[in-house]
>>> print(open('work26.tsv').read())   # TSV, C-alpha atoms
chain	number	residue	atom	x	y	z
A	1	MET	CA	41.46	74.48	107.71
A	2	ILE	CA	43.28	77.83	107.69
A	3	LYS	CA	44.65	78.84	104.33
A	4	ASN	CA	48.18	80.29	104.13
A	5	THR	CA	47.77	83.66	102.42
A	6	PHE	CA	51.48	84.46	102.53
A	7	SER	CA	52.31	83.66	98.90
A	8	ILE	CA	55.68	83.30	97.27
A	9	SER	CA	55.42	86.77	95.73
A	10	ASN	CA	54.78	88.25	99.20
A	11	ARG	CA	57.82	86.39	100.55
A	12	TYR	CA	59.93	87.77	97.70
A	13	LEU	CA	58.71	91.30	98.41
A	14	LEU	CA	59.52	90.88	102.10
A	15	LEU	CA	63.04	89.66	101.20
A	16	VAL	CA	63.62	92.66	98.92
A	17	PHE	CA	62.35	95.04	101.60
A	18	ALA	CA	64.57	93.48	104.27
A	19	THR	CA	67.61	93.57	101.95
A	20	CYS	CA	67.04	97.25	101.12
A	21	ASN	CA	66.73	98.16	104.78
A	22	ILE	CA	69.96	96.33	105.62
A	23	SER	CA	71.85	98.07	102.80
A	24	PHE	CA	70.63	101.48	103.95
A	25	ALA	CA	71.83	100.72	107.47
A	26	PHE	CA	75.38	100.22	106.15
A	27	ALA	CA	75.38	102.93	103.47
A	28	GLN	CA	78.16	105.49	103.40
A	29	THR	CA	77.50	109.16	103.84
A	30	PHE	CA	79.36	111.81	101.90
A	31	THR	CA	80.22	115.38	102.81
A	32	LYS	CA	80.55	118.07	100.16
A	33	ILE	CA	84.04	119.61	100.24
A	34	THR	CA	84.10	123.27	99.21
A	35	ALA	CA	87.62	124.37	100.19
A	36	GLY	CA	91.12	123.09	99.54
A	37	PRO	CA	93.32	122.42	96.52
A	38	VAL	CA	91.08	119.74	95.00
A	39	THR	CA	88.17	122.17	94.75
A	40	ASN	CA	90.15	125.35	94.01
A	41	MET	CA	92.31	124.27	91.06
A	42	ILE	CA	90.63	124.82	87.70
A	43	GLY	CA	91.25	122.41	84.86
A	44	ASP	CA	89.73	120.85	81.77
A	45	SER	CA	89.50	117.56	83.67
A	46	ARG	CA	88.90	114.29	81.85
A	47	SER	CA	89.50	111.42	84.26
A	48	VAL	CA	90.08	110.65	87.93
A	49	ASN	CA	92.23	107.93	89.48
A	50	TRP	CA	92.05	107.10	93.18
A	51	VAL	CA	95.34	105.29	93.89
A	52	ASP	CA	97.94	105.11	96.64
A	53	VAL	CA	100.96	106.52	94.79
A	54	ASN	CA	103.26	106.89	97.82
A	55	ASN	CA	102.50	103.59	99.58
A	56	ASP	CA	101.38	105.19	102.84
A	57	GLY	CA	98.03	103.37	102.94
A	58	TRP	CA	96.00	106.48	102.06
A	59	ILE	CA	94.28	106.81	98.69
A	60	ASP	CA	95.69	109.70	96.65
A	61	LEU	CA	94.13	111.48	93.67
A	62	MET	CA	95.32	111.92	90.07
A	63	ILE	CA	93.24	114.04	87.67
A	64	THR	CA	94.10	114.24	83.97
A	65	ASN	CA	93.36	117.43	82.08
A	66	GLY	CA	93.03	117.40	78.32
A	67	PRO	CA	92.19	120.49	76.29
A	68	LYS	CA	93.50	120.57	72.72
A	69	GLY	CA	96.38	122.91	73.57
A	70	GLY	CA	97.42	120.76	76.54
A	71	GLN	CA	97.27	121.36	80.26
A	72	ASN	CA	99.11	120.06	83.29
A	73	ASN	CA	97.58	117.18	85.23
A	74	PHE	CA	96.75	117.36	88.94
A	75	LEU	CA	98.28	115.05	91.53
A	76	TYR	CA	97.09	115.29	95.13
A	77	ILE	CA	98.61	113.40	98.05
A	78	ASN	CA	96.27	112.37	100.86
A	79	ASP	CA	97.65	113.67	104.16
A	80	GLY	CA	95.74	111.07	106.17
A	81	ALA	CA	93.77	113.71	108.05
A	82	GLY	CA	91.02	114.35	105.51
A	83	SER	CA	92.89	116.76	103.23
A	84	PHE	CA	94.94	116.55	100.05
A	85	ASP	CA	98.18	118.37	99.19
A	86	ALA	CA	98.69	119.44	95.57
A	87	ILE	CA	101.93	118.22	94.00
A	88	SER	CA	102.94	120.75	91.38
A	89	GLY	CA	106.65	120.16	90.77
A	90	ASP	CA	106.60	116.52	89.67
A	91	SER	CA	106.95	115.53	86.01
A	92	ILE	CA	103.57	113.77	86.02
A	93	ALA	CA	101.92	117.09	86.90
A	94	LEU	CA	104.00	119.13	84.45
A	95	ASP	CA	103.44	117.33	81.14
A	96	HIS	CA	101.24	120.05	79.54
A	97	ALA	CA	99.65	117.41	77.29
A	98	PRO	CA	96.02	116.86	76.25
A	99	SER	CA	95.56	113.98	78.68
A	100	ASP	CA	92.30	112.06	78.52
A	101	GLY	CA	92.95	109.22	80.94
A	102	ALA	CA	95.49	107.42	83.10
A	103	THR	CA	96.00	103.98	84.54
A	104	PHE	CA	98.31	102.71	87.26
A	105	ALA	CA	100.13	99.39	87.76
A	106	ASP	CA	103.39	98.15	89.22
A	107	THR	CA	105.13	97.62	85.88
A	108	ASP	CA	108.65	97.15	87.23
A	109	ASN	CA	107.71	94.93	90.20
A	110	ASP	CA	109.23	97.24	92.81
A	111	GLY	CA	106.09	97.52	94.95
A	112	ASP	CA	104.80	100.92	93.82
A	113	LEU	CA	102.38	102.04	91.13
A	114	ASP	CA	103.70	103.42	87.85
A	115	CYS	CA	101.50	105.44	85.49
A	116	TYR	CA	100.52	105.38	81.82
A	117	VAL	CA	98.78	108.55	80.59
A	118	ALA	CA	96.62	108.40	77.46
A	119	ASN	CA	96.68	111.57	75.37
A	120	TYR	CA	94.45	112.89	72.60
A	121	TYR	CA	94.87	115.20	69.56
A	122	LEU	CA	97.71	113.19	67.95
A	123	SER	CA	99.89	113.58	71.04
A	124	ASN	CA	102.08	110.72	72.21
A	125	ASN	CA	100.96	108.80	75.26
A	126	LEU	CA	103.23	109.10	78.29
A	127	PHE	CA	104.70	106.57	80.70
A	128	TYR	CA	106.00	107.40	84.18
A	129	VAL	CA	107.96	105.27	86.64
A	130	ASN	CA	107.25	105.87	90.34
A	131	ASP	CA	110.09	105.72	92.90
A	132	GLY	CA	107.63	104.73	95.66
A	133	ASN	CA	107.38	108.18	97.20
A	134	ALA	CA	105.13	109.65	94.49
A	135	ASN	CA	108.10	110.98	92.53
A	136	PHE	CA	107.46	110.11	88.91
A	137	THR	CA	110.07	110.01	86.15
A	138	ARG	CA	108.87	110.23	82.58
A	139	VAL	CA	110.32	107.46	80.43
A	140	GLN	CA	111.23	108.93	77.05
A	141	ASP	CA	110.23	107.37	73.72
A	142	VAL	CA	108.42	104.40	75.19
A	143	VAL	CA	105.08	105.21	73.61
A	144	THR	CA	104.97	107.08	70.32
A	145	SER	CA	101.42	106.37	69.19
A	146	GLY	CA	100.52	109.95	68.29
A	147	GLY	CA	96.86	109.01	68.32
A	148	TYR	CA	93.53	109.81	69.81
A	149	CYS	CA	93.60	107.79	73.03
A	150	GLU	CA	91.02	108.19	75.75
A	151	THR	CA	91.96	105.51	78.23
A	152	ALA	CA	94.20	102.54	78.85
A	153	SER	CA	94.29	99.44	81.02
A	154	TRP	CA	96.78	96.83	82.14
A	155	GLU	CA	96.61	93.12	81.46
A	156	ILE	CA	98.23	90.70	83.85
A	157	MET	CA	99.91	87.82	82.11
A	158	ILE	CA	101.08	84.92	84.19
A	159	ALA	CA	103.61	82.47	82.79
A	160	MET	CA	103.08	78.99	84.11
A	161	ASP	CA	105.34	76.01	83.77
A	162	LEU	CA	103.18	73.03	83.01
>>> encode(input="work26.tsv", output="C-alpha cells")
Amino acid sequence: MIKNTFSISNRYLLLVFATCNISFAFAQTFTKITAGPVTNMIGDSRSVNWVDVNNDGWIDLMITNGPKGGQNNFLYINDGAGSFDAISGDSIALDHAPSDGATFADTDNDGDLDCYVANYYLSNNLFYVNDGNANFTRVQDVVTSGGYCETASWEIMIAMDL
C-alpha cells in the first residue's frame, strides 16, 4: 500500500502559493510622476480625495491643506490623457482655511458630487455645492461648528414605507 504523503497542511500551502501567484499576475504597476501641477504645488497637505467632480468619467483629485494660519486647497481636474490641470479660481480652492479633510456626496440629488470640508483650529467647517462641471459654490452659514474637525463622512438614510 502506498501512503499519501500530501497532507492537508501541504495542500493549504499549495493553495496559498497558487493564490499569491495569481494575485501577482493581476497586480497593478505604478509610475512615479515627477513633473506637473500635482507634484509642483507646495502645501501643508492633510488629506486626499479621488473623486469625479465634473462627471466626465475620469477621477479628479482634491487635496486639503491645513496649517494653523490657513491655506488654499488644491483641486486638480483629470484631463483623461494622464495629466491633471490645477483649478485655482474656484471657491473650493480659495478658502484659505486650515482644512484637515473633505468628503464628497450628492447632497442635492442633482447627479454631481458636493463637498464638505472639515477644518481645524476653531475654524468653521465649509460646505460647497457643485454645479456638475466642477464649479463649487460655498454655502454660507450652513456649518458653524468652530471646532477641531479632522474628517467627515456621509450617512445614507433611506425612508421606506412599510
>>> residues_around(input="work26.tsv", residues="Tyr76 in chain A", least_positions_apart="2", cutoff="7 Å", atoms="all atoms listed in the file", output="list in words")
Asp60, Leu61, Met62, Phe74, Asn78, Phe84, Asp85, Ala86 and Ile87 of chain A
>>> write_last_selection(input="work26.tsv", atoms="C-alpha atoms", output="short mmCIF file (atom, residue, chain, number, x, y, z; two decimals), keeping the file's coordinate frame")
data_model
loop_
_atom_site.label_atom_id
_atom_site.label_comp_id
_atom_site.auth_asym_id
_atom_site.auth_seq_id
_atom_site.Cartn_x
_atom_site.Cartn_y
_atom_site.Cartn_z
CA ASP A 60 95.69 109.70 96.65
CA LEU A 61 94.13 111.48 93.67
CA MET A 62 95.32 111.92 90.07
CA PHE A 74 96.75 117.36 88.94
CA ASN A 78 96.27 112.37 100.86
CA PHE A 84 94.94 116.55 100.05
CA ASP A 85 98.18 118.37 99.19
CA ALA A 86 98.69 119.44 95.57
CA ILE A 87 101.93 118.22 94.00
#
>>> atom_distance(input="work26.tsv", atom1="CA of Asn125 in chain A", atom2="CA of Ile59 in chain A")
24.4 Å
>>> closest_residue(input="work26.tsv", among="A:Gly80, A:Gly69, A:Gly57, A:Gly101", to="Ser45 in chain A", atoms="only C-alpha atoms")
A:Gly101
>>> atom_distance(input="work26.tsv", atom1="CA of Pro37 in chain A", atom2="CA of Ala152 in chain A")
26.6 Å
>>> atom_distance(input="work26.tsv", atom1="CA of Gly36 in chain A", atom2="CA of Asn73 in chain A")
16.8 Å
>>> residues_around(input="work26.tsv", residues="Asp108 in chain A", least_positions_apart="6", cutoff="12 Å", atoms="all atoms listed in the file", output="JSON list (two decimals) with C-alpha atoms, in the frame of the given file")
[["chain", "number", "residue", "atom", "x", "y", "z"],
["A", 114, "ASP", "CA", 103.70, 103.42, 87.85],
["A", 115, "CYS", "CA", 101.50, 105.44, 85.49],
["A", 128, "TYR", "CA", 106.00, 107.40, 84.18],
["A", 129, "VAL", "CA", 107.96, 105.27, 86.64],
["A", 130, "ASN", "CA", 107.25, 105.87, 90.34],
["A", 131, "ASP", "CA", 110.09, 105.72, 92.90],
["A", 132, "GLY", "CA", 107.63, 104.73, 95.66]]
